[in-house]
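Okay, query_13.txt is below, compact mmCIF, C-alpha atoms:
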# COMPACT_ATOMS: atom_id res chain seq x y z
CA MET A 17 177.51 124.14 111.03
CA GLU A 18 175.80 121.03 112.46
CA GLN A 19 173.53 119.16 109.94
CA GLN A 20 169.90 118.80 111.13
CA ILE A 21 168.52 115.29 111.24
CA TYR A 22 164.76 114.68 110.66
CA SER A 23 162.58 111.74 111.59
CA VAL A 24 160.53 109.91 109.00
CA SER A 25 157.33 111.35 110.44
CA GLU A 26 158.74 114.87 110.24
CA ILE A 27 159.71 114.48 106.61
CA ASN A 28 156.34 112.98 105.70
CA GLY A 29 154.57 115.76 107.55
CA PHE A 30 156.74 118.37 105.82
CA ILE A 31 155.94 116.95 102.38
CA LYS A 32 152.22 116.72 103.30
CA ASN A 33 152.20 120.40 104.26
CA LEU A 34 153.91 121.30 101.01
CA ILE A 35 151.37 119.40 98.91
CA ASP A 36 148.41 120.66 100.96
CA GLY A 37 149.63 124.17 100.34
CA VAL A 38 149.29 123.88 96.56
CA PRO A 39 145.83 125.25 95.64
CA GLN A 40 145.70 123.37 92.35
CA LEU A 41 145.89 120.05 94.22
CA ASN A 42 143.07 120.84 96.65
CA GLY A 43 140.40 120.47 93.99
CA VAL A 44 141.47 118.56 90.92
CA PHE A 45 139.64 116.53 88.26
CA ILE A 46 141.48 113.41 87.07
CA ARG A 47 140.49 111.16 84.18
CA GLY A 48 141.52 107.51 84.33
CA GLU A 49 140.56 103.86 84.41
CA LEU A 50 139.45 102.12 87.60
CA SER A 51 141.61 99.27 88.83
CA ASN A 52 141.78 97.17 92.04
CA TYR A 53 138.46 98.57 93.21
CA LYS A 54 137.65 97.34 96.73
CA ILE A 55 134.99 98.19 99.28
CA TYR A 56 136.01 97.59 102.87
CA PRO A 57 133.64 96.69 105.74
CA SER A 58 134.07 100.22 107.05
CA GLY A 59 132.29 101.49 103.94
CA HIS A 60 135.39 103.20 102.53
CA HIS A 61 136.27 102.58 98.86
CA TYR A 62 139.89 102.04 97.79
CA PHE A 63 140.97 101.93 94.15
CA THR A 64 143.62 102.91 91.64
CA LEU A 65 143.30 105.33 88.74
CA LYS A 66 145.55 104.51 85.84
CA ASP A 67 146.26 105.41 82.25
CA GLY A 68 148.70 103.98 79.74
CA GLU A 69 151.79 105.14 81.65
CA SER A 70 151.01 105.85 85.33
CA ALA A 71 148.83 104.92 88.29
CA LEU A 72 147.47 106.89 91.25
CA ARG A 73 146.18 105.47 94.52
CA CYS A 74 142.78 106.78 95.59
CA VAL A 75 140.45 106.57 98.55
CA MET A 76 136.77 107.56 98.85
CA PHE A 77 135.39 107.68 102.35
CA LYS A 78 132.00 106.25 103.26
CA GLY A 79 130.21 109.61 103.33
CA SER A 80 131.21 110.40 99.74
CA ALA A 81 130.70 106.81 98.53
CA MET A 82 127.06 106.82 99.71
CA LYS A 83 126.34 109.53 97.15
CA LEU A 84 127.39 107.36 94.22
CA ARG A 85 124.54 106.73 91.77
CA PHE A 86 126.23 103.81 90.05
CA ARG A 87 128.37 100.84 91.02
CA PRO A 88 132.01 101.42 90.03
CA GLU A 89 133.68 98.45 88.34
CA ASN A 90 137.23 97.65 87.29
CA GLY A 91 138.02 98.82 83.77
CA MET A 92 135.45 101.63 83.85
CA LYS A 93 136.52 105.03 82.50
CA VAL A 94 135.78 107.71 85.09
CA ILE A 95 136.51 111.28 86.11
CA ALA A 96 137.43 111.60 89.77
CA PHE A 97 137.34 114.83 91.76
CA GLY A 98 139.16 115.39 95.01
CA ARG A 99 142.36 116.59 96.62
CA ILE A 100 145.89 115.25 96.50
CA SER A 101 147.56 114.74 99.85
CA VAL A 102 150.05 112.54 101.66
CA TYR A 103 149.13 109.73 104.03
CA PRO A 104 151.86 110.26 106.64
CA ARG A 105 151.88 106.69 107.90
CA ASP A 106 152.91 105.25 104.52
CA GLY A 107 154.66 108.32 103.14
CA ALA A 108 152.68 107.96 99.90
CA TYR A 109 150.51 110.56 98.23
CA GLN A 110 147.04 109.69 97.04
CA LEU A 111 143.81 111.19 95.81
CA TYR A 112 141.13 111.71 98.44
CA CYS A 113 138.18 111.37 96.10
CA SER A 114 134.93 113.18 96.93
CA SER A 115 132.99 112.43 93.74
CA LEU A 116 133.18 109.98 90.86
CA THR A 117 131.40 110.23 87.53
CA ALA A 118 131.46 108.09 84.42
CA ASP A 119 133.54 109.40 81.57
CA GLY A 120 131.60 109.76 78.32
CA ILE A 121 128.12 108.78 79.61
CA GLY A 122 126.25 109.88 82.69
CA ASP A 123 126.49 108.04 85.95
CA LEU A 124 122.68 107.81 86.08
CA HIS A 125 122.67 105.99 82.76
CA ILE A 126 125.28 103.54 84.05
CA ALA A 127 123.32 103.02 87.26
CA PHE A 128 120.18 102.36 85.20
CA GLU A 129 121.89 99.74 83.02
CA GLN A 130 123.57 98.06 86.00
CA LEU A 131 120.34 97.73 87.97
CA LYS A 132 118.46 96.63 84.87
CA GLU A 133 120.97 93.83 84.26
CA THR A 134 120.93 92.75 87.91
CA LEU A 135 117.13 92.54 88.14
CA TYR A 136 116.92 90.83 84.76
CA ARG A 137 119.27 88.08 85.93
CA GLU A 138 117.19 87.64 89.08
CA GLY A 139 114.05 87.12 86.98
CA LEU A 140 112.10 90.22 88.04
CA PHE A 141 111.25 90.96 84.42
CA ASP A 142 109.95 87.47 83.56
CA GLU A 143 106.58 87.41 81.82
CA SER A 144 105.59 84.34 83.85
CA HIS A 145 105.52 86.46 87.01
CA LYS A 146 103.26 89.18 85.61
CA LYS A 147 99.68 89.10 86.87
CA PRO A 148 96.66 89.78 84.64
CA LEU A 149 94.68 92.95 85.26
CA PRO A 150 91.10 92.51 86.50
CA LEU A 151 88.49 93.09 83.81
CA TYR A 152 86.11 95.01 86.04
CA PRO A 153 87.99 96.45 89.04
CA GLN A 154 85.92 97.79 91.89
CA ARG A 155 88.74 99.73 93.59
CA ILE A 156 91.73 101.48 92.03
CA ALA A 157 94.63 102.88 94.06
CA ILE A 158 96.89 105.57 92.61
CA VAL A 159 100.37 106.00 94.08
CA THR A 160 101.64 109.39 92.91
CA SER A 161 101.96 113.02 93.88
CA SER A 162 98.72 114.74 94.82
CA ALA A 163 100.00 118.04 93.43
CA GLY A 164 100.88 116.96 89.88
CA ALA A 165 98.73 117.23 86.79
CA ALA A 166 99.07 113.50 86.20
CA VAL A 167 96.83 112.51 89.10
CA HIS A 168 94.06 114.88 87.97
CA ASP A 169 94.21 113.46 84.44
CA MET A 170 93.96 109.90 85.75
CA ILE A 171 91.05 110.65 88.09
CA ARG A 172 89.19 112.51 85.34
CA ILE A 173 89.60 109.62 82.88
CA LEU A 174 88.68 106.98 85.47
CA ARG A 175 85.50 108.84 86.41
CA ARG A 176 84.56 109.32 82.78
CA ARG A 177 85.26 105.76 81.65
CA TYR A 178 84.19 103.75 84.70
CA PRO A 179 82.44 105.88 87.33
CA ILE A 180 81.26 102.89 89.37
CA ALA A 181 84.85 102.12 90.48
CA LYS A 182 86.16 103.60 93.72
CA VAL A 183 89.40 105.58 93.26
CA LEU A 184 91.81 105.84 96.19
CA LEU A 185 94.77 108.25 96.12
CA LEU A 186 97.90 107.36 98.11
CA PRO A 187 99.87 110.63 97.93
CA VAL A 188 103.65 110.33 97.86
CA ARG A 189 106.59 112.35 96.70
CA VAL A 190 107.78 111.30 93.26
CA GLN A 191 111.06 113.21 93.15
CA GLY A 192 114.02 113.50 95.48
CA VAL A 193 115.71 111.17 97.96
CA GLU A 194 112.54 110.84 100.06
CA ALA A 195 110.47 109.63 97.11
CA PRO A 196 111.55 105.94 96.86
CA PRO A 197 110.79 105.00 100.48
CA GLU A 198 107.42 106.78 100.30
CA ILE A 199 106.47 104.95 97.08
CA VAL A 200 107.58 101.63 98.58
CA GLY A 201 105.59 102.32 101.74
CA ALA A 202 102.42 103.17 99.80
CA ILE A 203 102.63 100.00 97.68
CA ARG A 204 103.17 97.81 100.74
CA TYR A 205 100.38 99.57 102.63
CA ALA A 206 97.93 98.96 99.78
CA ASN A 207 98.88 95.29 99.70
CA ARG A 208 98.73 94.82 103.44
CA TRP A 209 95.17 96.09 103.69
CA ARG A 210 94.04 94.98 100.22
CA LEU A 211 92.93 98.49 99.39
CA ALA A 212 92.50 97.96 95.67
CA ASP A 213 92.09 95.50 92.83
CA VAL A 214 94.72 97.27 90.75
CA LEU A 215 97.51 99.77 91.51
CA ILE A 216 98.71 102.64 89.31
CA THR A 217 102.06 104.16 90.20
CA GLY A 218 103.89 106.84 88.29
CA ARG A 219 104.19 110.53 87.55
CA GLY A 220 104.28 113.02 84.71
CA GLY A 221 107.22 113.61 82.41
CA GLY A 222 110.60 115.07 83.33
CA SER A 223 114.33 114.61 83.02
CA LEU A 224 116.14 111.43 83.92
CA GLU A 225 116.93 112.91 87.33
CA ASP A 226 113.24 113.80 87.84
CA LEU A 227 112.13 110.24 87.06
CA TRP A 228 114.91 108.58 89.04
CA ALA A 229 112.69 107.52 91.94
CA PHE A 230 111.13 104.92 89.61
CA ASN A 231 114.61 103.58 88.77
CA ASP A 232 115.24 102.85 92.44
CA GLU A 233 115.85 99.20 93.32
CA ARG A 234 113.62 99.41 96.39
CA VAL A 235 110.68 100.57 94.29
CA ALA A 236 111.32 97.84 91.72
CA ARG A 237 111.30 95.10 94.36
CA ALA A 238 108.17 96.48 96.01
CA ILE A 239 106.35 96.35 92.67
CA TYR A 240 107.61 92.80 92.08
CA ASP A 241 106.43 91.68 95.53
CA SER A 242 102.99 93.29 95.16
CA GLU A 243 100.11 90.83 95.18
CA ILE A 244 97.93 93.50 93.59
CA PRO A 245 98.55 93.94 89.84
CA VAL A 246 100.59 97.10 89.20
CA ILE A 247 100.47 99.43 86.19
CA SER A 248 103.59 101.58 85.76
CA ALA A 249 102.84 105.00 84.28
CA VAL A 250 106.00 107.11 84.33
CA GLY A 251 106.61 110.09 82.07
CA HIS A 252 105.83 110.05 78.37
CA GLU A 253 106.06 107.38 75.66
CA PRO A 254 109.87 107.63 75.16
CA ASP A 255 110.57 107.48 78.91
CA VAL A 256 111.49 104.02 80.16
CA THR A 257 112.18 103.20 83.81
CA ILE A 258 112.99 100.10 85.81
CA SER A 259 109.43 100.18 87.17
CA ASP A 260 108.13 99.67 83.62
CA PHE A 261 110.06 96.41 83.29
CA VAL A 262 108.96 95.02 86.68
CA ALA A 263 105.31 96.10 86.62
CA ASP A 264 102.57 93.78 85.41
CA ARG A 265 101.66 96.31 82.71
CA ARG A 266 103.39 99.40 81.32
CA ALA A 267 101.44 102.47 80.27
CA SER A 268 102.94 105.07 77.96
CA THR A 269 101.51 107.92 80.06
CA PRO A 270 99.48 108.29 83.27
CA SER A 271 96.39 108.98 81.15
CA ASN A 272 97.02 105.77 79.24
CA ALA A 273 97.30 103.92 82.57
CA ALA A 274 93.79 105.05 83.50
CA GLU A 275 92.50 103.81 80.14
CA ILE A 276 94.21 100.45 80.63
CA ALA A 277 93.00 100.00 84.22
CA VAL A 278 89.26 100.14 83.52
CA PRO A 279 86.90 99.40 80.64
CA ASP A 280 84.82 102.10 79.00
CA MET A 281 81.37 102.00 80.57
CA ALA A 282 79.80 103.59 77.51
CA GLU A 283 81.14 100.75 75.38
CA LEU A 284 79.96 98.22 77.95
CA LEU A 285 76.47 99.70 77.87
CA ARG A 286 76.44 99.60 74.08
CA PHE A 287 77.62 96.00 74.21
CA LEU A 288 74.89 95.08 76.71
CA GLN A 289 72.24 96.84 74.63
CA ASN A 290 73.40 95.06 71.48
CA SER A 291 73.46 91.78 73.40
CA GLU A 292 69.92 92.42 74.66
CA THR A 293 68.75 93.12 71.12
CA ARG A 294 70.44 89.99 69.78
CA MET A 295 69.02 87.87 72.61
CA ALA A 296 65.49 89.21 72.03
CA GLN A 297 65.76 88.64 68.30
CA GLY A 298 67.18 85.18 68.89
CA MET A 299 64.27 84.33 71.20
CA LEU A 300 61.75 85.59 68.65
CA ASN A 301 63.41 83.47 65.95
CA LEU A 302 63.33 80.45 68.25
CA LEU A 303 59.65 80.96 69.04
CA ASP A 304 58.90 81.30 65.34
CA ARG A 305 60.71 78.07 64.52
CA GLN A 306 58.96 76.24 67.34
CA ASP A 307 55.60 77.59 66.18
CA LYS A 308 56.22 76.29 62.67
CA ARG A 309 57.32 72.95 64.06
CA LEU A 310 54.17 72.78 66.20
CA GLU A 311 52.00 73.51 63.17
CA THR A 312 53.78 70.79 61.20
CA LEU A 313 53.20 68.30 64.00
CA ARG A 314 49.58 69.33 64.33
CA LYS A 315 48.97 68.41 60.69
CA LYS A 316 50.52 64.97 61.04
CA ARG A 317 48.02 62.06 60.75
CA VAL A 318 49.29 60.45 63.92
CA LEU A 319 47.95 63.39 65.91
CA SER A 320 44.80 64.10 63.88
CA ASP A 321 43.71 60.41 63.79
CA PRO A 322 45.58 58.40 66.45
CA MET A 323 43.76 55.11 65.58
CA ALA A 324 44.99 55.35 62.01
CA PHE A 325 48.48 54.59 63.21
CA LEU A 326 47.28 51.39 64.91
CA GLN A 327 45.29 50.37 61.85
CA ASP A 328 48.28 50.82 59.60
CA ARG A 329 50.38 48.74 61.95
CA ARG A 330 47.68 46.07 62.13
CA LEU A 331 47.60 45.78 58.33
CA GLN A 332 51.35 45.63 58.28
CA LEU A 333 51.28 42.88 60.92
CA ASP A 334 48.78 40.84 58.85
CA TYR A 335 50.97 41.22 55.79
CA ILE A 336 54.05 40.08 57.69
CA GLN A 337 52.11 37.17 59.19
CA GLN A 338 51.06 36.00 55.70
CA LYS A 339 54.60 36.25 54.45
CA LEU A 340 55.89 34.25 57.42
CA ALA A 341 53.24 31.55 56.95
CA GLY A 342 54.00 31.27 53.21
CA ALA A 343 57.72 31.13 53.93
CA ALA A 344 57.11 28.41 56.53
CA ARG A 345 55.03 26.34 54.07
CA GLU A 346 57.66 26.68 51.38
CA GLN A 347 60.35 25.69 53.84
CA LEU A 348 58.34 22.66 55.02
CA ALA A 349 57.62 21.53 51.43
CA GLY A 350 61.26 21.83 50.51
CA ASP A 351 62.36 19.91 53.59
CA THR A 352 59.73 17.19 52.94
CA LYS A 353 60.89 16.77 49.37
CA LYS A 354 64.51 16.58 50.46
CA PHE A 355 63.61 14.03 53.17
CA THR A 356 61.79 11.84 50.63
CA GLN A 357 64.76 11.88 48.29
CA LEU A 358 67.18 10.99 51.07
CA THR A 359 64.88 8.21 52.30
CA ALA A 360 64.74 6.71 48.81
CA LYS A 361 68.52 6.78 48.52
CA LEU A 362 68.92 5.26 51.95
CA ASP A 363 66.37 2.55 51.19
CA ALA A 364 68.16 1.70 47.95
CA LEU A 365 71.36 1.19 49.89
CA SER A 366 69.74 -0.83 52.69
CA PRO A 367 71.07 -4.42 53.06
CA LEU A 368 67.50 -5.52 53.65
CA LYS A 369 66.76 -4.77 50.01
CA VAL A 370 69.62 -7.04 49.03
CA LEU A 371 68.24 -9.78 51.23
CA GLY A 372 64.83 -9.33 49.64
CA ARG A 373 66.31 -10.31 46.27
CA GLY A 374 67.25 -13.79 47.66
CA TYR A 375 70.57 -13.11 49.26
CA ALA A 376 71.52 -13.95 52.88
CA MET A 377 73.97 -12.42 55.40
CA ALA A 378 76.14 -14.78 57.50
CA GLN A 379 77.59 -13.76 60.83
CA SER A 380 79.92 -15.50 63.23
CA ALA A 381 78.94 -16.19 66.81
CA ASP A 382 80.31 -12.84 67.90
CA GLY A 383 78.29 -10.97 65.23
CA THR A 384 81.11 -10.45 62.71
CA VAL A 385 79.88 -10.42 59.11
CA LEU A 386 81.44 -13.31 57.25
CA ARG A 387 82.98 -12.40 53.92
CA SER A 388 85.35 -15.38 53.50
CA SER A 389 85.27 -19.09 54.30
CA GLU A 390 88.64 -18.62 55.95
CA GLN A 391 86.89 -16.83 58.85
CA VAL A 392 85.29 -20.08 60.14
CA GLU A 393 86.23 -23.66 60.83
CA PRO A 394 84.12 -26.85 60.45
CA GLY A 395 81.95 -27.25 63.54
CA ASP A 396 81.63 -23.45 64.17
CA ARG A 397 78.21 -22.06 64.83
CA ILE A 398 77.09 -19.26 62.46
CA HIS A 399 73.97 -17.10 62.17
CA VAL A 400 72.37 -16.62 58.75
CA ARG A 401 69.95 -13.77 58.26
CA LEU A 402 67.38 -13.96 55.48
CA ALA A 403 64.92 -11.49 54.04
CA GLN A 404 62.36 -13.04 56.36
CA GLY A 405 63.67 -14.68 59.48
CA SER A 406 67.14 -16.12 60.26
CA LEU A 407 68.90 -19.46 60.73
CA ASP A 408 71.43 -20.76 63.26
CA CYS A 409 73.66 -23.24 61.43
CA THR A 410 76.72 -25.43 62.05
CA VAL A 411 79.58 -25.49 59.52
CA GLU A 412 80.16 -29.05 58.28
CA ASN A 413 82.65 -28.34 55.55
CA ARG A 414 84.66 -25.35 54.26
CA GLU A 415 85.45 -24.89 50.56
I need this file expressed as structure tokens, please.
Amino acid sequence: MEQQIYSVSEINGFIKNLIDGVPQLNGVFIRGELSNYKIYPSGHHYFTLKDGESALRCVMFKGSAMKLRFRPENGMKVIAFGRISVYPRDGAYQLYCSSLTADGIGDLHIAFEQLKETLYREGLFDESHKKPLPLYPQRIAIVTSSAGAAVHDMIRILRRRYPIAKVLLLPVRVQGVEAPPEIVGAIRYANRWRLADVLITGRGGGSLEDLWAFNDERVARAIYDSEIPVISAVGHEPDVTISDFVADRRASTPSNAAEIAVPDMAELLRFLQNSETRMAQGMLNLLDRQDKRLETLRKKRVLSDPMAFLQDRRLQLDYIQQKLAGAAREQLAGDTKKFTQLTAKLDALSPLKVLGRGYAMAQSADGTVLRSSEQVEPGDRIHVRLAQGSLDCTVENRE
């Protein structure tokens, strides 16, 4: 009997049909570790699932990959669901993955942590970027569902605490795939037209899936870009979303957001009344002090008898004048006495006194006082000064 010969394509097709005919391989869950994860420009995801002993090639087409709620990374433990089949061109079997979930923790939790880390690194959570809330807002915009209980609680509290503020509701869906773009659109619309002084966005409590719209990256970036201060009010106190980290202020509940957004008018009125009372009392105290000061001034002599001040100053001027005159006389007497003493000393030292006792002073022709006979020669002319008069003499001899 002649042996049949098959082509490569026929064999691969035969094996593919065999594998496709096994029901257990048409819908199988496989646990493994992601490796060589790549996303191609076409949008298809290619990766390998491996454990300690084996590896399995996998592909996830764009339509299935768009449903992923987290970003797969190499080394991540996952559970993949899909069908095993053969790719005829390569003759290799692989898993055609239709869904991928994290092993051990939910994919939503992983997506939350991944987005949180990404936005943190970009600086969207920085305190320096957060804007202060206005103390007395005139307009408040609420971005939430119009059908939920949360919006009614917020409006009731806002009207009770601060009825003079205008409240504007921007109704959006807060759950489902349509919710994030609607929330983003409402925030941008409020900013474009400057509809409010402060924005409140949020919803009532629910599961992680129910609150997921406020973990959406688009919503987080819209809150970050908002020029109007944003209060995030999602769920209850234990619930934490990405919006809470990005917003300028986090409220534990929607009701708490309304309390944060506006002051309590009753407290403001009490404060104003107390301030009015303190101001009135302060003015009365001031008037009382000024009245006492006026009475004290009225009793002063300078006001009751203005001329008395001049008389006192006149007496004081006379007294000072007498003191100055006495001081001047004492100074003159002291100076006169000192002058007399100095004159007597100077007179005692005067050469004229010496001449008066019979002595004479000889000078050469050029006026030099002669103290020695060596200073002149016979025949020189000298001048001799006496107590009375003087003599011009000629030297005949020198001894």
> So, counting only C-alpha atoms, which residue among A:Val38, A:Leu407, A:Ile276, A:Ala249 is closest to Leu227 in chain A?
Replying inline: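 Ranked by minimum distance to Leu227 in chain A, first place goes to A:Ala249.
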> So what do you get for CA of Arg266 in chain A versus CA of Arg210 in chain A, distance-wise?
Replying inline: 21.5 Å
>> So that I can see what lies close to Leu224 in chain A, please list as a list in words the residues with an atom at most 9 Å from it, counting only C-alpha atoms and leaving out residues fewer than 3 positions away in the same chain.
In response: Leu124, His125, Leu227, Trp228 and Asp255 of chain A
> When you draw a straight line from CA of His60 in chain A to CA of Met76 in chain A, how long is it in Å?
Replying inline: 5.9 Å
> Excluding same-chain residues fewer than 6 positions from Gln110 in chain A, what lies within 8 Å of it counting only C-alpha atoms, as a list in words?
Replying inline: Leu72, Arg73, Cys74, Val75, Ile100, Ser101, Val102 and Tyr103 of chain A
>> Which residues are near range 196-202 of chain A? Cut-off 10 Å, only C-alpha atoms, ignore same chain within fewer than 3 positions. Put them as number ranges by chain.
In response: A: 157-161, 185-193, 205-208, 217-218, 228-239
If I only have part of range 347-369 of chain A, can you fill in N, CA, C and O atoms and write it as a tab-separated table (two decimals), in the frame of the given file?
chain	number	residue	atom	x	y	z
A	347	GLN	N	59.23	26.36	53.19
A	347	GLN	CA	60.35	25.69	53.84
A	347	GLN	C	59.99	24.24	54.18
A	347	GLN	O	60.81	23.33	53.98
A	348	LEU	N	58.77	24.01	54.66
A	348	LEU	CA	58.34	22.66	55.02
A	348	LEU	C	58.25	21.77	53.78
A	348	LEU	O	58.68	20.61	53.80
A	349	ALA	N	57.73	22.32	52.66
A	349	ALA	CA	57.62	21.53	51.43
A	349	ALA	C	59.00	21.16	50.92
A	349	ALA	O	59.25	20.02	50.48
A	350	GLY	N	59.91	22.12	50.98
A	350	GLY	CA	61.26	21.83	50.51
A	350	GLY	C	61.94	20.79	51.37
A	350	GLY	O	62.60	19.87	50.85
A	351	ASP	N	61.74	20.89	52.69
A	351	ASP	CA	62.36	19.91	53.59
A	351	ASP	C	61.75	18.53	53.40
A	351	ASP	O	62.44	17.50	53.46
A	352	THR	N	60.41	18.49	53.15
A	352	THR	CA	59.73	17.19	52.94
A	352	THR	C	60.25	16.52	51.67
A	352	THR	O	60.51	15.31	51.65
A	353	LYS	N	60.39	17.32	50.63
A	353	LYS	CA	60.89	16.77	49.37
A	353	LYS	C	62.31	16.24	49.54
A	353	LYS	O	62.65	15.15	49.06
A	354	LYS	N	63.12	16.99	50.24
A	354	LYS	CA	64.51	16.58	50.46
A	354	LYS	C	64.56	15.30	51.30
A	354	LYS	O	65.35	14.39	51.04
A	355	PHE	N	63.65	15.21	52.30
A	355	PHE	CA	63.61	14.03	53.17
A	355	PHE	C	63.22	12.80	52.36
A	355	PHE	O	63.77	11.71	52.52
A	356	THR	N	62.24	12.97	51.47
A	356	THR	CA	61.79	11.84	50.63
A	356	THR	C	62.91	11.33	49.75
A	356	THR	O	63.14	10.11	49.60
A	357	GLN	N	63.65	12.28	49.16
A	357	GLN	CA	64.76	11.88	48.29
A	357	GLN	C	65.84	11.14	49.08
A	357	GLN	O	66.36	10.11	48.62
A	358	LEU	N	66.16	11.64	50.25
A	358	LEU	CA	67.18	10.99	51.07
A	358	LEU	C	66.72	9.61	51.54
A	358	LEU	O	67.50	8.66	51.61
A	359	THR	N	65.41	9.51	51.84
A	359	THR	CA	64.88	8.21	52.30
A	359	THR	C	64.96	7.17	51.19
A	359	THR	O	65.32	6.00	51.41
A	360	ALA	N	64.67	7.64	49.95
A	360	ALA	CA	64.74	6.71	48.81
A	360	ALA	C	66.17	6.25	48.60
A	360	ALA	O	66.43	5.06	48.33
A	361	LYS	N	67.10	7.16	48.69
A	361	LYS	CA	68.52	6.78	48.52
A	361	LYS	C	68.95	5.82	49.62
A	361	LYS	O	69.65	4.83	49.36
A	362	LEU	N	68.53	6.12	50.84
A	362	LEU	CA	68.92	5.26	51.95
A	362	LEU	C	68.29	3.86	51.83
A	362	LEU	O	68.94	2.84	52.10
A	363	ASP	N	67.05	3.83	51.35
A	363	ASP	CA	66.37	2.55	51.19
A	363	ASP	C	67.02	1.71	50.11
A	363	ASP	O	67.11	0.49	50.20
A	364	ALA	N	67.50	2.42	49.05
A	364	ALA	CA	68.16	1.70	47.95
A	364	ALA	C	69.47	1.08	48.43
A	364	ALA	O	69.88	0.03	47.93
A	365	LEU	N	70.09	1.71	49.38
A	365	LEU	CA	71.36	1.19	49.89
A	365	LEU	C	71.18	0.23	51.05
A	365	LEU	O	72.17	-0.31	51.57
A	366	SER	N	69.97	0.00	51.51
A	366	SER	CA	69.74	-0.83	52.69
A	366	SER	C	70.08	-2.30	52.38
A	366	SER	O	69.69	-2.83	51.34
A	367	PRO	N	70.77	-2.98	53.26
A	367	PRO	CA	71.07	-4.42	53.06
A	367	PRO	C	69.81	-5.28	53.06
A	367	PRO	O	69.79	-6.38	52.53
A	368	LEU	N	68.74	-4.75	53.65
A	368	LEU	CA	67.50	-5.52	53.65
A	368	LEU	C	66.96	-5.68	52.24
A	368	LEU	O	66.34	-6.69	51.91
A	369	LYS	N	67.18	-4.66	51.40
A	369	LYS	CA	66.76	-4.77	50.01
A	369	LYS	C	67.52	-5.88	49.30
A	369	LYS	O	66.97	-6.62	48.47
